[in-house]
Structure formats: C-alpha cells, structure tokens
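Novice: Structure incoming, see below.
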Amino acid sequence: MKAERIHVGGQWYVAANAARADETPHVLKHDESFLLSDRYGDVDGTGLGEQGLYHEDMRYLSEMRLTVEGVRPMFLGSGVKDDNSLLIAEFMNPDLERHAVAQGTLHIFRAKLLWQGCCHEHIRVVNHGEEPARMGLSLAFDADFADLFEVRGTERQRRGRHLPPQVVGGEVVYGYEGLDGVSRRTRLRFNPQPDVLSEREAAFDLLVPPGAACHLYCSIDCERGDAPLPGQPRPHYEQAYRANENARREQRAECCALQASNPQVNLWLRRSDSDVAMLSTELPTGRYPYAGVPWYSTTFGRDGILTARELLWIDPLPARGVLAFLAQCQATEVDPARDAEPGKILHEARKDEMAATHEVPFGRYYGSVDSTPLFVGLAGAYWQRTGELDFIRSIWPNVQAALAWIDANADADGFVRYARRSSDGLVQQGWKDSHDSVFHADGHMAEPPIALCEVQGYVYEARLLAAELARTLGEVALANRLGEQAQALQRAFQERFWSDRLGLYAIAIDGRGQRCDVATSNAGHALWSGIAAPEHAARMAERLLQPDFYSGWGIRTVAQGQARYNPMSYHNGSIWPHDNALIAAGLARYGHTLAALRIFSGLFDASVHFTQHRLPELFCGFPRRNSEGPTLYPVACSPQAWAAAGVYQLLQACLGLEVNAQQREISLQAPRLPEFIESMEIRRLGIGPHSADLRLQRYGQHVGIDVAHKLGDIAVRVRM
C-alpha cells in the first residue's frame with residue numbers, strides 16, 4: 001500500500017487507504033522481532049501491506065508464499081498457540097494432475113516461531129494414501145528492507161542501497177546498506193537443500209511413501225552489520241522451539257495465577273497473560289512491555305508505565321524493568337528537536353533507519369507531558385508493592401530530576417502544561433495524541449500551552465507518592481513540600497477544571513486560560529489518580545455511564561453529541577480498553593464499585609467477540625446492537641500491552657485489592673465479583689517469599705474469601 005502522506009497537521013498517524021487483506025492476521029513476537037502473516041502463514045503484500053518479518057522496526061522479509069504445484073494448498077485451519085509461542089497452519093493438497101495425486105491425500109503442516117532474531121519454519125508433509133505421492137512444493141520470498149514508517153505510509157525522498165541477492169551453499173542472502181550507515185542482511189537457510197534454489201524461490205521435489213512423512217525446515221535470520229556475531233551456531237528449529245517453550249514457562253512461573261469459574265473469562269485471562277508475555281522484551285535493564293504490534297513494538301514511556309501499573313499487583317517485575325530503563329534514558333539536556341528537557345521521561349525510542357537519519361523524530365523522543373509524572377507515580381507504587389528500598393535509592397536521583405521538571409513546567413496555578421517545541425514532533429502530548437484531540441465545546445482547537453485534566457491528576461499522585469518515598473529516605477522537608485504542593489494543586493484543580501454543566505472535569509485549559517468544556521473520558525483518570533473531590537466523583541459515576549458515554553461495550557473517549565464526536569475516530573469517540581480499565585479503577589477507588597462492574601461486564605462481553613479473546617488497542621464507539629459484536633478499528637494494534645493488561649486492573653478494582661510490602665499484607669476493600677464470575681482462585685499472590693492462595697466466592701453482591709494456603713509471614717485482611 002502506498003499512502004500519500006503520513007505527517008498531517010503535526011500528527012504522526014497510521015495511514016489507511018485500504019482494508020486489511022486478512023481481518024485476523026497472525027502475530028508472533030520475540031524481543032526485537034515480530035512477524036505479521038495471513039492465515040496461511042504467508043507474508044502477503046496485498047491490503048494494507050503491513051505483513052512481514054520485522055526486526056528493530058525494519059522489514060527483513062516482505063514476501064513468503066507457500067505453493068503446491070504452483071497454487072496455494074487447500075486451507076484447513078490455522079492459529080497461534082495459546083501461549084503465543086507457535087503459529088500453526090494446516091492444509092491438504094488439491095488435485096495434482098501432473099502426478100495423479102488425488103485431493104486430500106497429503107496433509108501439510110506448517111509451524112513458525114521466532115527466537116533471537118530468527119524466524120524458524122517447519123513444514124511436514126504426510127501421505128495418507130496407499131501409493132507413493134509426488135509433489136512439487138515451493139517457497140517464494142523477497143526482502144524489501146522497508147522501514148516501519150514507510151510501511152505506515154511515509155514517503156521517503158531517498159533510500160539506502162539494495163545489494164544483489166546472493167545464492168551460495170543452500171542459502172539466499174539479501175543485503176541492504178542503509179542511509180544510517182548500517183548494513184542489514186536477510187539470510188534464508190533450508191534443510192534439506194532445495195532441488196532448485198534461486199534469488200526468489202526454493203523449490204522441492206517431494207516423493208512421500210505411503211504412511212510416511214517428509215520434513216522441511218527454513219530459517220530466516222535478521223542480521224545487522226554493526227551487531228556482534230553470535231558466539232555459537234544458530235539453533236535449528238527443534239532447539240529454538242525448546243528454548244522458546246522453556247523461557248515462556250519460566251516467565252509464567254514467576255507471577256501469580258488466576259482461575260475463574262467462567263471458561264470464557266479464563267480464555268480472556270490466558271490470552272492477556274500470553275500477550276503481555278509476548279510483548280515483553282528482556283532489555284539489559286530488565287523486562288519491558290513493548291506497546292503493541294505492528295506499529296508500536298518498541299519502548300514507549302507512557303504505555304510501559306501504565307501497563308506496569310495494571311500488572312503491578314500480580315507481577316511487579318515489569319514495573320522494575322520499566323523504571324530502570326526510563327531512568328537510564330531520562331533527558332539530561334535541552335534539545336528542542338526531540339522535545340527533550342532535563343528530567344523529562346521518554347515518550348518513545350526507535351532503532352530503525354529513519355529514526356537514525358532523523359527522517360522521523362523518534363530515535364529518542366520526549367514529546368509526552370504525562371510520562372514524567374507517571375514515572376514518579378510508578379516508582380512510588382512499586383515501593384508500596386515490593387518494599388525494595390535499595391532499588392528506589394538507585395533511581396531516586398531520577399525521581400528528583402523528574403519532580404524538578406514538573407515544577408519547571410507548572411504555571412502559577414500549579415498546572416503542568418505542554419507546547420510542542422520540535423518542528424515535526426507531536427502537537428498533542430497527552431495519551432490522546434491525535435492532532436485533533438483537544439478542543440473547545442464548539443470544536444475549535446485548544447491553543448497551547450495546554451493543561452490537560454488527567455495530567456494534573458498524575459502530578460497530584462506523583463507528589464503524594466514521592467512524598468512517601470522522600471519521608472522513607474529521610475528527606476522530611478522535601479516530603480512536606482511535596483505534600484503541600486499536592487494539596488494546593490488539588491484545590492486549584494477543583495476550582496478551575498470542574499464543569500457543573502458537564503457533570504465532569506473539563507478536558508483541558510488552553511493557553512489563553514479558557515476551559516475546554518467537552519465531555520471526554522479524560523475526566524475518569526482524575527478518579528484513578530485520586531485528585532477528584534468525592535462529591536464530584538459521585539456525579540461522574542452516574543455521568544460516565546449515561547448512553548452518550550457508555551456504548552454498552554465501554555466508555556467512549558468523547559461522548560456522543562459533543563463537537564468532533566466520531567465513533568470511528570482514533571481518539572474522539574472510539575473505545576479504548578485501557579482507558580476503561582483505569583476509569584473503572586478510579587470509580588472503585590471512590591466506592592462506586594457497581595459502576596466499575598458495568599465497565600468490566602461490557603469489556604468482558606466485547607472480549608468474547610474478538611478473535612482469540614484478544615482486546616485490541618481500541619475499537620469503534622458505535623452503540624451496542626443486539627446479536628452483533630463491537631465494530632473493529634481498521635489499523636488498531638492487536639495485541640496491545642495496556643489493552644491486554646486491562647483485565648488485571650479491572651479485577652483489582654472490583655476486588656479492592658492491594659498488596660502492601662511494608663505491612664506485609666494483602667487487603668481487599670469491599671470486594672465484588674461481576675455476575676459472570678461465580679468464583680475465582682488467586683494463587684501465589686504476595687511479596688517475595690511470602691504469599692497466599694485465595695479462593696473467592698460470590699454470594700449475591702458480596703464475596704466470601706477463603707485463604708487456601710499461606711507461605712511465609714503474610715496477612716490477608718478484608719475490609720467491608
């Protein structure tokens with residue numbers, strides 16, 4: 001697909017002028033690599049043209065098509081295993097007139113997996129006939145070395161140099177010398193060696209005895225010229241498969257396990273667990289949940305922080321990895337081209353060619369106003385959850401630098417504002433970063449510098465949690481100052497942001513001091529952070545579930561009837577699962593758990609309609625209709641980390657569940673379970689070696705809790 005342009009109105013967006021060739025593309029990811037294929041397991045260039053094998057945001061394989069005697073085999077079925085480790089597709093042969101093999105005689109099994117920058121493929125052909133069967137099988141391939149931003153629609157003025165393909169010793173090697181000075185290679189290897197091997201095709205002439213099987217293997221390595229050579233030979237398929245399985249098994253064993261009475265809920269939980277595991281990448285600083293596939297398979301500050309917050313109660317390791325990486329990447333100098341300022345936390349980092357050549361500004365880009373307070377908030381929440389004071393000490397200078405940045409960007413009222421300094425960065429720098437997402441009631445755009453509703457809540461929480469850290473570290477004066485700043489901000493927030501007409505907090509205050517009186521989901525984040533006044537929270541609990549906001553599947557980003565409302569818009573009327581999960585947590589925080597349960601129910605019903613129970617990044621905000629599922633958004637990332645982790649935030653909200661390391665306590669505040677969950681087990685929940693297994697049983701609107709097993713010294717308390 002060629003799009004006219006991607007940089008519109010100062011907003012980098014995913015262009016879409018075609019539908020997906022396959023509505024349910026298969027996704028595999030491991031560390032810095034991901035594969036997007038059609039249901040055949042092929043990489044096809046039709047539709048949006050986003051399919052391919054990518055490594056560090058560069059497409060190393062743009063075509064891979066399996067054919068039998070020149071045609072596609074007859075499709076039987078395909079899917080990715082529940083743990084996202086393996087893509088399996090199955091076929092049978094059509095009538096093969098040249099060799100007189102009847103349709104359905106041969107079963108063709110195809111499996112793909114990713115491991116350490118390599119895509120491994122296994123093809124098995126089994127003859128179920130009574131005679132030997134001959135068949136020609138071919139794999140056609142190509143590598144375009146397109147940068148991810150090219151695939152998204154960016155027109156490039158010039159590109160690097162493609163090297164002539166090399167066919168040597170049973171291998172095909174494609175090469176590309178990038179404008180960034182980095183050479184990249186796609187190396188295809190086959191076992192056994194093909195009967196015919198060319199620059200674009202590997203052909204096998206197979207003779208399969210009756211009742212026997214024939215096995216073919218292909219590996220596609222993604223190589224960078226500036227990367228160190230591997231210390232040992234590349235593993236073959238079976239070795240990679242075992243290593244992949246062991247790594248995923250070890251990762252799952254580290255955190256607590258959930259089991260519900262409803263099988264559909266368990267499918268949702270397993271899918272979420274597998275998606276978070278797949279999107280998580282082991283960096284030198286620890287585990288980091290990459291934002292989403294295909295467009296955001298990299299480190300995003302905001303996404304990583306909020307995903308880690310959603311996961312924190314069941315698994316604190318992602319939070320530690322996110323904090324360590326973002327501390328390492330914290331800005332230390334003013335750089336307007338990257339919207340960087342000392343103390344500011346990363347928006348996103350890219351390793352692709354166009355980032356390195358500054359054709360896009362996202363090599364290390366800092367254009368988000370909320371990553372910095374969210375970083376401080378995560379540090380405080382991580383301390384509460386784990387009690388790891390040595391780690392907090394190691395990042396305390398980064399927390400202090402982030403607090404200094406917050407102070408430097410606050411106005412006279414204490415509101416933290418943003419205005420783009422980069423000539424080609426993001427215009428809007430909150431989580432709704434579409435160029436048209438912040439506007440007034442009549443639809444005209446807000447003028448910078450803009451103070452967003454939810455950002456003030458994040459700052460409020462950051463100061464309170466940082467005050468707790470400061471007091472723990474013996475910095476009492478700083479703790480007192482932060483507490484006073486938080487209270488002053490809360491008072492100013494109530495006065496300036498509350499709109500009695502809307503029954504909500506307004507989305508923003510613009511650079512002229514004018515309030516943007518628009519009904520948006522941003523207000524719900526004020527509940528999540530705790531900055532909202534209790535009396536306002538009560539009105540919001542009712543307002544957010546009115547039909548103009550709540551579609552039946554979830555809360556819309558912009559309420560129906562508001563200016564710029566569009567149920568098919570990215571941020572102005574669509575439904576985002578993570579947004580809903582945070583709002584539900586905020587409602588429960590203020591005691592409106594029944595409202596949170598309605599959000600939980602809507603998203604559960606939506607999950608049943610999505611393939612593999614996978615909630616995407618977002619979906620359209622059309623009203624719920626009988627006998628129909630939610631409407632897909634055409635270029636949504638799926639999987640998306642904070643959408644996958646949302647189910648854990650929803651459960652935590654409804655159970656009022658907290659894990660406090662200082663008190664070595666698991667507490668549940670007025671726990672509730674939705675009607676679709678009769679009972680639930682939570683195993684291995686705790687702090688370090690101290691854990692408990694809980695059994696929860698719903699009795700009407702109440703929940704009974706049984707401590708099935710305890711390990712170490714940990715208390716379980718229920719408060720009604």
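Quick note on naming: the chains in the structure tokens go A, B, ... in the order shown, residues restart at 1 in each chain, and ligands are numbered from 1 in order of appearance.
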Where does range 411-433 of chain A meet range 566-582 of chain A within 10 Å, residue by residue, with the nearest atom pair and distance in Å to one decimal for each, counting only C-alpha atoms, listed by chain and rising number, as CSV?
Specialist:
residue,atom,partner,partner_atom,distance
A:Trp431,CA,A:His571,CA,9.3
A:Lys432,CA,A:His571,CA,6.0
A:Asp433,CA,A:His571,CA,8.0
Novice: Set the distance at 6 Å and use only C-alpha atoms: which residues neighbour range 61-70 of chain A once local chain neighbours fewer than 2 positions away are removed? I'd like the list as a ChimeraX atom specification.
Specialist: /A:42-44,52-53,59,72-73,136-144
Novice: When you look at range 651-665 of chain A with a cut-off of 9 Å (counting only C-alpha atoms), what residues show up, excluding the ones that are within fewer than 2 positions of it in the same chain? I need them as a ChimeraX atom specification.
Specialist: /A:310,313,383-388,581-582,584-589,593-594,596-597,600,646-649,667-674,685-687,690,703,713-717
Novice: Range 607-616 of chain A: which residues within 8 Å, counting only C-alpha atoms, same-chain residues fewer than 6 positions away excluded, as a VMD selection string?
Specialist: chain A and resid 24 264 267 to 268 271 to 272 577 629 to 630 636 to 640 643 to 644
Novice: Each residue of range 422-481 of chain A with at least one atom at most 12 Å from range 364-375 of chain A should appear once, together with its nearest atom pair and the corresponding distance in Å (one decimal); atoms considered: only C-alpha atoms; ordering: chain, then increasing residue number; output as a Markdown table.
Specialist:
| residue | atom | partner | partner_atom | distance |
| --- | --- | --- | --- | --- |
| A:Ser422 | CA | A:Gly367 | CA | 8.4 |
| A:Ser423 | CA | A:Gly367 | CA | 11.5 |
| A:Asp424 | CA | A:Gly367 | CA | 10.5 |
| A:Gly425 | CA | A:Gly367 | CA | 6.9 |
| A:Leu426 | CA | A:Gly367 | CA | 6.3 |
| A:Val427 | CA | A:Gly367 | CA | 8.6 |
| A:Gln428 | CA | A:Ser368 | CA | 8.1 |
| A:Gln429 | CA | A:Ser368 | CA | 4.5 |
| A:Gly430 | CA | A:Val369 | CA | 5.9 |
| A:Trp431 | CA | A:Asp370 | CA | 7.6 |
| A:Lys432 | CA | A:Ser368 | CA | 10.2 |
| A:Asp433 | CA | A:Ser368 | CA | 8.6 |
| A:Pro449 | CA | A:Val369 | CA | 11.0 |
| A:Ile450 | CA | A:Val369 | CA | 9.9 |
| A:Ala451 | CA | A:Val369 | CA | 9.4 |
| A:Leu452 | CA | A:Val369 | CA | 9.0 |
| A:Cys453 | CA | A:Asp370 | CA | 10.9 |
| A:Glu454 | CA | A:Asp370 | CA | 8.6 |
| A:Val455 | CA | A:Asp370 | CA | 5.8 |
| A:Gln456 | CA | A:Asp370 | CA | 9.0 |
| A:Gly457 | CA | A:Pro373 | CA | 9.2 |
| A:Tyr458 | CA | A:Pro373 | CA | 5.7 |
| A:Val459 | CA | A:Pro373 | CA | 5.2 |
| A:Tyr460 | CA | A:Pro373 | CA | 8.5 |
| A:Glu461 | CA | A:Pro373 | CA | 8.1 |
| A:Ala462 | CA | A:Pro373 | CA | 5.5 |
| A:Arg463 | CA | A:Pro373 | CA | 8.3 |
| A:Leu464 | CA | A:Pro373 | CA | 11.0 |
| A:Leu465 | CA | A:Pro373 | CA | 10.5 |
| A:Ala466 | CA | A:Pro373 | CA | 10.0 |
